[in-house]
file protein-v2.cif (mmCIF, C-alpha atoms, pLDDT in the B column; chains and numbers go by the auth columns)
data_start
#
loop_
_atom_site.group_PDB
_atom_site.id
_atom_site.type_symbol
_atom_site.label_atom_id
_atom_site.label_comp_id
_atom_site.label_asym_id
_atom_site.label_seq_id
_atom_site.Cartn_x
_atom_site.Cartn_y
_atom_site.Cartn_z
_atom_site.B_iso_or_equiv
_atom_site.auth_seq_id
_atom_site.auth_asym_id
ATOM 1 C CA LEU A 1 86.021 46.749 89.648 70.00 1 A
ATOM 2 C CA TRP A 2 86.777 48.903 92.710 73.00 2 A
ATOM 3 C CA THR A 3 88.591 51.450 90.548 76.00 3 A
ATOM 4 C CA LEU A 4 85.631 51.552 88.157 72.00 4 A
ATOM 5 C CA LEU A 5 83.183 52.073 91.034 76.00 5 A
ATOM 6 C CA MET A 6 85.302 54.843 92.552 76.00 6 A
ATOM 7 C CA SER A 7 85.685 56.578 89.195 75.00 7 A
ATOM 8 C CA THR A 8 81.939 56.376 88.597 77.00 8 A
ATOM 9 C CA ALA A 9 81.221 57.730 92.078 76.00 9 A
ATOM 10 C CA GLY A 10 83.657 60.597 91.518 76.00 10 A
ATOM 11 C CA LEU A 11 81.978 61.435 88.207 77.00 11 A
ATOM 12 C CA VAL A 12 78.528 61.429 89.828 79.00 12 A
ATOM 13 C CA VAL A 13 79.712 63.644 92.705 79.00 13 A
ATOM 14 C CA SER A 14 81.335 66.072 90.272 78.00 14 A
ATOM 15 C CA PHE A 15 78.174 66.217 88.161 79.00 15 A
ATOM 16 C CA VAL A 16 75.967 66.851 91.220 81.00 16 A
ATOM 17 C CA SER A 17 78.380 69.538 92.430 79.00 17 A
ATOM 18 C CA SER A 18 78.240 71.221 89.031 76.00 18 A
ATOM 19 C CA CYS A 19 74.427 71.156 89.141 81.00 19 A
ATOM 20 C CA ILE A 20 74.458 72.755 92.605 82.00 20 A
ATOM 21 C CA GLY A 21 76.861 75.405 91.344 77.00 21 A
ATOM 22 C CA LEU A 22 74.554 76.142 88.417 78.00 22 A
ATOM 23 C CA LEU A 23 71.646 76.453 90.858 81.00 23 A
ATOM 24 C CA TYR A 24 73.533 79.055 92.893 78.00 24 A
ATOM 25 C CA LEU A 25 74.447 80.816 89.661 75.00 25 A
ATOM 26 C CA PHE A 26 70.775 80.946 88.664 78.00 26 A
ATOM 27 C CA PHE A 27 69.787 82.724 91.869 76.00 27 A
ATOM 28 C CA LEU A 28 72.719 85.121 91.568 73.00 28 A
ATOM 29 C CA LEU A 29 71.686 85.989 88.033 72.00 29 A
ATOM 30 C CA LEU A 30 68.232 86.956 89.260 75.00 30 A
ATOM 31 C CA ASP A 31 69.824 90.027 90.896 71.00 31 A
ATOM 32 C CA TYR A 32 72.596 90.404 88.321 68.00 32 A
ATOM 33 C CA ASN A 33 71.779 94.023 87.435 70.00 33 A
ATOM 34 C CA ARG A 34 72.035 95.122 91.062 73.00 34 A
ATOM 35 C CA TYR A 35 75.296 93.265 91.634 69.00 35 A
ATOM 36 C CA ALA A 36 76.739 94.608 88.373 68.00 36 A
ATOM 37 C CA LYS A 37 76.217 98.190 89.584 73.00 37 A
ATOM 38 C CA ILE A 38 77.341 97.986 93.219 77.00 38 A
ATOM 39 C CA TRP A 39 80.384 95.692 93.055 72.00 39 A
ATOM 40 C CA ILE A 40 82.656 98.488 91.826 75.00 40 A
ATOM 41 C CA THR A 41 82.018 100.484 95.009 77.00 41 A
ATOM 42 C CA PHE A 42 84.061 97.922 96.967 78.00 42 A
ATOM 43 C CA VAL A 43 87.147 98.594 94.814 79.00 43 A
ATOM 44 C CA PRO A 44 89.527 101.490 95.678 82.00 44 A
ATOM 45 C CA HIS A 45 89.233 104.450 93.285 81.00 45 A
ATOM 46 C CA ARG A 46 92.675 104.065 91.734 82.00 46 A
ATOM 47 C CA TYR A 47 91.988 100.431 90.775 81.00 47 A
ATOM 48 C CA ARG A 48 88.487 100.965 89.401 81.00 48 A
ATOM 49 C CA PRO A 49 89.448 101.525 85.716 83.00 49 A
ATOM 50 C CA PHE A 50 91.402 98.272 85.629 80.00 50 A
ATOM 51 C CA ALA A 51 88.646 96.470 87.578 81.00 51 A
ATOM 52 C CA ARG A 52 85.994 97.624 85.105 81.00 52 A
ATOM 53 C CA GLN A 53 88.139 96.559 82.147 80.00 53 A
ATOM 54 C CA PHE A 54 88.844 93.179 83.732 81.00 54 A
ATOM 55 C CA PHE A 55 85.149 92.631 84.495 80.00 55 A
ATOM 56 C CA ASN A 56 84.181 93.495 80.907 80.00 56 A
ATOM 57 C CA ASP A 57 86.850 91.160 79.525 78.00 57 A
ATOM 58 C CA VAL A 58 85.733 88.258 81.730 79.00 58 A
ATOM 59 C CA THR A 59 82.102 88.840 80.739 78.00 59 A
ATOM 60 C CA PHE A 60 83.010 88.923 77.052 80.00 60 A
ATOM 61 C CA TYR A 61 85.070 85.724 77.087 78.00 61 A
ATOM 62 C CA LEU A 62 82.611 83.800 79.255 78.00 62 A
ATOM 63 C CA CYS A 63 79.727 84.746 76.970 81.00 63 A
ATOM 64 C CA GLY A 64 81.768 83.661 73.959 80.00 64 A
ATOM 65 C CA TYR A 65 82.711 80.387 75.620 81.00 65 A
ATOM 66 C CA PHE A 66 79.153 79.446 76.578 83.00 66 A
ATOM 67 C CA ARG A 67 77.913 80.439 73.129 84.00 67 A
ATOM 68 C CA GLY A 68 80.530 78.146 71.600 84.00 68 A
ATOM 69 C CA GLN A 69 79.685 75.285 73.953 84.00 69 A
ATOM 70 C CA LEU A 70 76.010 75.638 73.057 88.00 70 A
ATOM 71 C CA LEU A 71 76.866 75.307 69.370 89.00 71 A
ATOM 72 C CA ILE A 72 79.037 72.262 70.104 87.00 72 A
ATOM 73 C CA ALA A 73 76.239 70.658 72.133 88.00 73 A
ATOM 74 C CA LEU A 74 73.755 71.249 69.307 90.00 74 A
ATOM 75 C CA SER A 75 76.158 69.768 66.765 90.00 75 A
ATOM 76 C CA ASN A 76 76.631 66.716 68.992 89.00 76 A
ATOM 77 C CA CYS A 77 72.862 66.276 69.209 90.00 77 A
ATOM 78 C CA VAL A 78 72.704 66.174 65.418 91.00 78 A
ATOM 79 C CA LEU A 79 75.783 63.977 64.924 91.00 79 A
ATOM 80 C CA PHE A 80 74.894 61.376 67.563 91.00 80 A
ATOM 81 C CA THR A 81 71.264 61.257 66.441 91.00 81 A
ATOM 82 C CA LEU A 82 72.266 60.743 62.798 92.00 82 A
ATOM 83 C CA GLY A 83 74.873 58.151 63.755 89.00 83 A
ATOM 84 C CA PHE A 84 72.498 56.088 65.869 89.00 84 A
ATOM 85 C CA PHE A 85 69.744 56.454 63.262 89.00 85 A
ATOM 86 C CA ILE A 86 71.985 55.244 60.423 90.00 86 A
ATOM 87 C CA VAL A 87 73.020 52.071 62.296 87.00 87 A
ATOM 88 C CA ASP A 88 69.417 51.484 63.450 86.00 88 A
ATOM 89 C CA PHE A 89 70.323 51.829 67.140 86.00 89 A
ATOM 90 C CA PRO A 90 67.447 51.833 69.684 83.00 90 A
ATOM 91 C CA MET A 91 65.969 55.261 70.583 85.00 91 A
ATOM 92 C CA PRO A 92 68.350 57.229 68.335 85.00 92 A
ATOM 93 C CA ILE A 93 66.727 60.653 68.809 88.00 93 A
ATOM 94 C CA ALA A 94 66.345 60.457 72.596 87.00 94 A
ATOM 95 C CA LEU A 95 69.836 59.027 73.114 86.00 95 A
ATOM 96 C CA GLY A 96 71.468 61.454 70.680 87.00 96 A
ATOM 97 C CA CYS A 97 69.789 64.482 72.260 88.00 97 A
ATOM 98 C CA PHE A 98 70.710 63.303 75.776 88.00 98 A
ATOM 99 C CA ILE A 99 74.381 62.881 74.874 87.00 99 A
ATOM 100 C CA GLY A 100 74.386 66.231 73.076 86.00 100 A
ATOM 101 C CA ILE A 101 72.902 68.047 76.073 86.00 101 A
ATOM 102 C CA ILE A 102 75.395 66.667 78.591 84.00 102 A
ATOM 103 C CA SER A 103 78.242 67.456 76.184 83.00 103 A
ATOM 104 C CA PHE A 104 77.699 71.129 77.060 80.00 104 A
ATOM 105 C CA VAL A 105 80.429 70.334 79.606 76.00 105 A
ATOM 106 C CA PRO A 106 83.466 69.215 77.575 72.00 106 A
ATOM 107 C CA TYR A 107 83.924 65.431 77.411 71.00 107 A
ATOM 108 C CA LEU A 108 80.993 64.771 79.755 75.00 108 A
ATOM 109 C CA GLN A 109 79.333 62.917 76.870 78.00 109 A
ATOM 110 C CA VAL A 110 81.378 59.914 78.031 79.00 110 A
ATOM 111 C CA ALA A 111 78.681 59.507 80.705 80.00 111 A
ATOM 112 C CA GLY A 112 76.276 58.668 77.876 82.00 112 A
ATOM 113 C CA LEU A 113 78.121 55.384 77.346 84.00 113 A
ATOM 114 C CA LEU A 114 76.090 53.846 80.172 85.00 114 A
ATOM 115 C CA PRO A 115 72.597 54.261 78.608 85.00 115 A
ATOM 116 C CA CYS A 116 74.147 53.429 75.229 85.00 116 A
ATOM 117 C CA ALA A 117 75.500 50.142 76.614 86.00 117 A
ATOM 118 C CA LEU A 118 72.174 49.319 78.274 86.00 118 A
ATOM 119 C CA LEU A 119 70.257 49.877 75.033 85.00 119 A
ATOM 120 C CA ALA A 120 72.819 47.789 73.151 85.00 120 A
ATOM 121 C CA LEU A 121 72.389 44.925 75.620 86.00 121 A
ATOM 122 C CA LEU A 122 68.606 45.120 75.262 85.00 122 A
ATOM 123 C CA ARG A 123 68.895 45.019 71.478 84.00 123 A
ATOM 124 C CA THR A 124 71.310 42.082 71.783 84.00 124 A
ATOM 125 C CA ALA A 125 68.824 40.182 73.953 83.00 125 A
ATOM 126 C CA GLU A 126 66.041 40.982 71.484 81.00 126 A
ATOM 127 C CA THR A 127 67.840 40.029 68.261 79.00 127 A
ATOM 128 C CA GLY A 128 70.425 37.533 69.507 78.00 128 A
ATOM 129 C CA GLN A 129 73.165 39.461 67.679 78.00 129 A
ATOM 130 C CA ASN A 130 76.261 40.324 69.695 78.00 130 A
ATOM 131 C CA PHE A 131 77.689 43.277 67.771 81.00 131 A
ATOM 132 C CA TRP A 132 75.456 46.088 69.081 83.00 132 A
ATOM 133 C CA LEU A 133 77.960 47.123 71.730 83.00 133 A
ATOM 134 C CA LEU A 134 80.589 47.456 69.012 87.00 134 A
ATOM 135 C CA ILE A 135 78.209 49.487 66.851 87.00 135 A
ATOM 136 C CA GLY A 136 77.422 51.883 69.714 85.00 136 A
ATOM 137 C CA GLY A 137 81.112 52.245 70.508 85.00 137 A
ATOM 138 C CA ALA A 138 81.910 52.878 66.848 89.00 138 A
ATOM 139 C CA VAL A 139 79.355 55.707 66.687 88.00 139 A
ATOM 140 C CA TYR A 140 80.857 57.216 69.826 85.00 140 A
ATOM 141 C CA LEU A 141 84.379 56.971 68.409 88.00 141 A
ATOM 142 C CA VAL A 142 83.500 58.510 65.037 90.00 142 A
ATOM 143 C CA VAL A 143 81.532 61.406 66.538 88.00 143 A
ATOM 144 C CA GLN A 144 84.263 62.049 69.126 84.00 144 A
ATOM 145 C CA ILE A 145 86.901 62.237 66.396 87.00 145 A
ATOM 146 C CA ILE A 146 84.740 64.622 64.351 88.00 146 A
ATOM 147 C CA GLN A 147 84.147 66.779 67.419 84.00 147 A
ATOM 148 C CA ASP A 148 87.820 66.915 68.509 78.00 148 A
ATOM 149 C CA VAL A 149 89.324 67.350 65.040 80.00 149 A
ATOM 150 C CA ILE A 150 86.747 69.510 63.234 83.00 150 A
ATOM 151 C CA VAL A 151 83.855 70.888 65.315 84.00 151 A
ATOM 152 C CA THR A 152 85.481 72.080 68.564 79.00 152 A
ATOM 153 C CA PRO A 153 88.626 73.622 67.009 78.00 153 A
ATOM 154 C CA ARG A 154 86.605 75.479 64.364 81.00 154 A
ATOM 155 C CA ILE A 155 83.905 76.795 66.693 82.00 155 A
ATOM 156 C CA MET A 156 86.114 77.630 69.656 78.00 156 A
ATOM 157 C CA GLY A 157 88.940 78.829 67.446 75.00 157 A
ATOM 158 C CA ARG A 158 86.617 81.263 65.706 77.00 158 A
ATOM 159 C CA ILE A 159 84.925 82.524 68.882 76.00 159 A
ATOM 160 C CA MET A 160 87.802 82.433 71.376 73.00 160 A
ATOM 161 C CA GLY A 161 90.673 83.059 68.958 72.00 161 A
ATOM 162 C CA LEU A 162 92.648 79.963 70.017 73.00 162 A
ATOM 163 C CA SER A 163 94.460 77.431 67.858 74.00 163 A
ATOM 164 C CA PRO A 164 93.373 73.746 68.011 72.00 164 A
ATOM 165 C CA ALA A 165 96.600 72.791 69.816 76.00 165 A
ATOM 166 C CA ILE A 166 96.046 75.430 72.509 79.00 166 A
ATOM 167 C CA ILE A 167 92.408 74.350 72.907 77.00 167 A
ATOM 168 C CA LEU A 168 93.317 70.683 73.473 76.00 168 A
ATOM 169 C CA LEU A 169 96.182 71.610 75.799 82.00 169 A
ATOM 170 C CA ALA A 170 93.996 73.981 77.849 81.00 170 A
ATOM 171 C CA LEU A 171 91.228 71.375 78.192 77.00 171 A
ATOM 172 C CA SER A 172 93.726 68.682 79.214 79.00 172 A
ATOM 173 C CA VAL A 173 95.354 70.874 81.854 83.00 173 A
ATOM 174 C CA GLY A 174 91.966 72.110 83.103 80.00 174 A
ATOM 175 C CA ALA A 175 90.647 68.563 83.464 76.00 175 A
ATOM 176 C CA PHE A 176 93.802 67.433 85.269 79.00 176 A
ATOM 177 C CA VAL A 177 93.776 70.362 87.697 80.00 177 A
ATOM 178 C CA GLY A 178 90.080 70.951 88.341 75.00 178 A
ATOM 179 C CA GLY A 179 88.071 68.040 86.927 74.00 179 A
ATOM 180 C CA ILE A 180 84.725 69.080 85.407 70.00 180 A
ATOM 181 C CA GLY A 181 85.034 72.589 86.838 72.00 181 A
ATOM 182 C CA GLY A 182 88.460 72.887 85.258 77.00 182 A
ATOM 183 C CA LEU A 183 87.036 71.866 81.890 74.00 183 A
ATOM 184 C CA ILE A 184 84.401 74.594 82.132 73.00 184 A
ATOM 185 C CA VAL A 185 86.792 77.466 82.933 77.00 185 A
ATOM 186 C CA ALA A 186 89.884 76.275 81.036 80.00 186 A
ATOM 187 C CA LEU A 187 89.224 78.036 77.732 79.00 187 A
ATOM 188 C CA PRO A 188 88.003 81.399 79.151 80.00 188 A
ATOM 189 C CA ILE A 189 90.991 81.581 81.522 83.00 189 A
ATOM 190 C CA THR A 190 93.420 80.646 78.738 83.00 190 A
ATOM 191 C CA THR A 191 91.965 83.238 76.358 81.00 191 A
ATOM 192 C CA LEU A 192 91.975 85.936 79.032 80.00 192 A
ATOM 193 C CA ALA A 193 95.561 85.130 80.063 83.00 193 A
ATOM 194 C CA MET A 194 96.782 85.281 76.464 81.00 194 A
ATOM 195 C CA ALA A 195 94.956 88.570 75.838 77.00 195 A
ATOM 196 C CA TYR A 196 96.438 90.166 78.958 78.00 196 A
ATOM 197 C CA TYR A 197 99.887 88.839 78.107 78.00 197 A
ATOM 198 C CA LYS A 198 99.689 90.505 74.700 75.00 198 A
ATOM 199 C CA ARG A 199 98.218 93.680 76.177 74.00 199 A
ATOM 200 C CA TYR A 200 100.524 94.276 79.153 73.00 200 A
ATOM 201 C CA VAL A 201 103.681 92.220 78.486 73.00 201 A
ATOM 202 C CA VAL A 202 104.168 92.171 74.730 69.00 202 A
ATOM 203 C CA LYS A 203 102.137 95.414 74.334 67.00 203 A
ATOM 204 C CA GLU A 204 100.891 94.647 70.860 62.00 204 A
ATOM 205 C CA PRO A 205 99.086 97.593 69.232 52.00 205 A
ATOM 206 C CA ASP A 206 95.867 95.614 68.633 50.00 206 A
ATOM 207 C CA ALA A 207 95.942 93.739 71.967 49.00 207 A
ATOM 208 C CA ASP A 208 93.037 95.792 73.326 47.00 208 A
ATOM 209 C CA LEU A 209 90.705 94.125 70.840 45.00 209 A
ATOM 210 C CA PRO A 210 88.909 90.967 72.047 46.00 210 A
ATOM 211 C CA CYS A 211 90.418 87.733 70.789 42.00 211 A
ATOM 212 C CA GLY A 212 88.696 86.418 67.700 42.00 212 A
ATOM 213 C CA GLU A 213 87.217 89.803 66.772 42.00 213 A
#
call {"tool": "encode", "arguments": {"input": "protein-v2.cif", "output": "structure tokens"}}
result
Amino acid sequence: LWTLLMSTAGLVVSFVSSCIGLLYLFFLLLDYNRYAKIWITFVPHRYRPFARQFFNDVTFYLCGYFRGQLLIALSNCVLFTLGFFIVDFPMPIALGCFIGIISFVPYLQVAGLLPCALLALLRTAETGQNFWLLIGGAVYLVVQIIQDVIVTPRIMGRIMGLSPAIILLALSVGAFVGGIGGLIVALPITTLAMAYYKRYVVKEPDADLPCGE
């Protein structure tokens, strides 16, 4: 029980920290155009070409990553809503959309198990049937398998240019090293590192093209 409480507290703290980070990001983006023009003046002249290229690469891969995560979140909204609707689960649309929205951060949809369990207990008390927790868990399991095996590899593989094995490995390492923040930056960092490895180490002729293009 103590381990469960500590894990839940850590998840809540990480989620609140991510929300605070997004708030800071929002205010920074308000003056994005000004920052985008003046930051290069702090870089020595001889490093400015590389700095500009690096900045453009980071912008490209981050935009691709967030676009992919948005598509994954939308697909989760549809899949969870359909799953809960098919099994006649309580509040299928609201619960499915909530889980889909929080799944914008990889694997954060696990936090949706709590409202799912509460609704299952309410339905159990209403009907006297004890299998609603199993039904909710089954929907979660099926949608998670579809997301990990089909949706995420196809979307992220097409946008980021990564194989399914690399995607799962990058997410696992990112979660182990940095928690929720590591999950968010794992794929852009992996894609950028692989692109720069091909460009400057292997020196492939087409390495200057963005991955997935």
call {"tool": "residues_around", "arguments": {"input": "protein-v2.cif", "residues": "stretch 53-62 of chain A", "least_positions_apart": "2", "cutoff": "9 Å", "atoms": "only C-alpha atoms", "output": "MDAnalysis selection string"}}
result
chainID A and resid 48:51 64:67 159:160 185 187:189 191:192 210:211
call {"tool": "resolve_selection", "arguments": {"input": "protein-v2.cif", "expression": "the PyMOL selection byres ((chain A and resi 179-183) around 10)", "output": "list in words"}}
result
Gly10, Leu11, Ser14, Phe15, Ser17, Ser18, Gly21, Val105, Pro106, Tyr107, Leu108, Ala170, Leu171, Ser172, Val173, Gly174, Ala175, Phe176, Val177, Gly178, Ile184, Val185, Ala186, Leu187, Pro188 and Ile189 of chain A
call {"tool": "resolve_selection", "arguments": {"input": "protein-v2.cif", "expression": "the PyMOL selection byres ((chain A and resi 91) around 12)", "output": "MDAnalysis selection string"}}
result
chainID A and resid 80:90 92:98 115:116 118:120 122:123 136
call {"tool": "closest_residue", "arguments": {"input": "protein-v2.cif", "among": "A:Met194, A:Cys63, A:Val110, A:Ile38", "to": "A:Val143", "atoms": "all atoms listed in the file"}}
result
A:Val110
call {"tool": "closest_residue", "arguments": {"input": "protein-v2.cif", "among": "A:Gly137, A:Val142, A:Ile155, A:Gln147", "to": "A:Ser103", "atoms": "all atoms listed in the file"}}
result
A:Gln147
call {"tool": "closest_residue", "arguments": {"input": "protein-v2.cif", "among": "A:Ile135, A:Leu5, A:Ala73, A:Leu169", "to": "A:Ala117", "atoms": "only C-alpha atoms"}}
result
A:Ile135
call {"tool": "residues_near_point", "arguments": {"input": "protein-v2.cif", "point": "(83.1, 73.7, 63.3)", "cutoff": "12 Å", "atoms": "all atoms listed in the file", "output": "PyMOL selection string"}}
result
chain A and resi 68-69+71-76+146-159+164
call {"tool": "atom_distance", "arguments": {"input": "protein-v2.cif", "atom1": "atom CA of A:Leu113", "atom2": "atom CA of A:Tyr140"}}
result
8.2 Å
call {"tool": "closest_residue", "arguments": {"input": "protein-v2.cif", "among": "A:Val43, A:Arg199, A:Gly161, A:Thr8", "to": "A:Leu114", "atoms": "all atoms listed in the file"}}
result
A:Thr8
call {"tool": "atom_distance", "arguments": {"input": "protein-v2.cif", "atom1": "atom CA of A:Arg52", "atom2": "atom CA of A:Ile40"}}
result
7.6 Å
call {"tool": "axis_aligned_box", "arguments": {"input": "protein-v2.cif", "around": "stretch 184-192 of chain A", "padding_each_side": "6 Å", "output": "JSON"}}
result
{"center_x": 88.9, "center_y": 80.3, "center_z": 79.6, "size_x": 21.0, "size_y": 23.3, "size_z": 18.6}
call {"tool": "closest_residue", "arguments": {"input": "protein-v2.cif", "among": "A:Ala111, A:Leu162, A:Leu29, A:Leu70", "to": "A:Val12", "atoms": "all atoms listed in the file"}}
result
A:Ala111
call {"tool": "atom_distance", "arguments": {"input": "protein-v2.cif", "atom1": "atom CA of A:Lys198", "atom2": "atom CA of A:Arg46"}}
result
22.9 Å
call {"tool": "decode", "arguments": {"input": "protein-v2.cif", "residues": "stretch 83-104 of chain A", "atoms": "N, CA and C atoms", "output": "compact mmCIF listing (two decimals), in the first residue's frame"}}
result
# COMPACT_ATOMS: atom_id res chain seq x y z
N GLY A 83 -14.48 1.39 -27.66
CA GLY A 83 -14.38 0.23 -26.79
C GLY A 83 -15.35 0.29 -25.62
N PHE A 84 -15.39 1.42 -24.95
CA PHE A 84 -16.31 1.56 -23.81
C PHE A 84 -17.77 1.56 -24.27
N PHE A 85 -18.02 2.10 -25.46
CA PHE A 85 -19.40 2.13 -25.97
C PHE A 85 -19.87 0.72 -26.33
N ILE A 86 -18.99 -0.09 -26.92
CA ILE A 86 -19.37 -1.44 -27.32
C ILE A 86 -19.72 -2.31 -26.11
N VAL A 87 -18.96 -2.17 -25.01
CA VAL A 87 -19.21 -2.99 -23.82
C VAL A 87 -20.22 -2.34 -22.89
N ASP A 88 -20.82 -1.22 -23.32
CA ASP A 88 -21.84 -0.52 -22.53
C ASP A 88 -21.28 -0.06 -21.18
N PHE A 89 -20.06 0.51 -21.21
CA PHE A 89 -19.43 1.03 -20.01
C PHE A 89 -20.01 2.40 -19.69
N PRO A 90 -20.08 2.80 -18.42
CA PRO A 90 -20.63 4.12 -18.08
C PRO A 90 -19.80 5.27 -18.67
N MET A 91 -20.48 6.31 -19.14
CA MET A 91 -19.86 7.54 -19.66
C MET A 91 -18.76 7.21 -20.68
N PRO A 92 -19.08 6.50 -21.74
CA PRO A 92 -18.03 6.07 -22.68
C PRO A 92 -17.36 7.23 -23.41
N ILE A 93 -18.13 8.24 -23.82
CA ILE A 93 -17.55 9.35 -24.58
C ILE A 93 -16.65 10.20 -23.70
N ALA A 94 -17.16 10.58 -22.52
CA ALA A 94 -16.37 11.43 -21.62
C ALA A 94 -15.09 10.72 -21.17
N LEU A 95 -15.22 9.44 -20.79
CA LEU A 95 -14.05 8.70 -20.32
C LEU A 95 -13.06 8.46 -21.46
N GLY A 96 -13.57 8.11 -22.65
CA GLY A 96 -12.68 7.87 -23.77
C GLY A 96 -11.93 9.12 -24.19
N CYS A 97 -12.63 10.27 -24.21
CA CYS A 97 -11.97 11.52 -24.58
C CYS A 97 -10.94 11.94 -23.53
N PHE A 98 -11.26 11.73 -22.25
CA PHE A 98 -10.31 12.07 -21.18
C PHE A 98 -9.03 11.26 -21.30
N ILE A 99 -9.17 9.96 -21.51
CA ILE A 99 -7.99 9.09 -21.62
C ILE A 99 -7.20 9.46 -22.88
N GLY A 100 -7.90 9.76 -23.97
CA GLY A 100 -7.21 10.15 -25.19
C GLY A 100 -6.43 11.44 -25.04
N ILE A 101 -6.99 12.41 -24.32
CA ILE A 101 -6.31 13.69 -24.14
C ILE A 101 -5.04 13.53 -23.31
N ILE A 102 -5.12 12.79 -22.21
CA ILE A 102 -3.92 12.64 -21.37
C ILE A 102 -2.89 11.74 -22.03
N SER A 103 -3.29 10.96 -23.04
CA SER A 103 -2.32 10.11 -23.73
C SER A 103 -1.45 10.90 -24.68
N PHE A 104 -1.64 12.23 -24.73
CA PHE A 104 -0.72 13.07 -25.51
C PHE A 104 0.71 12.89 -25.00
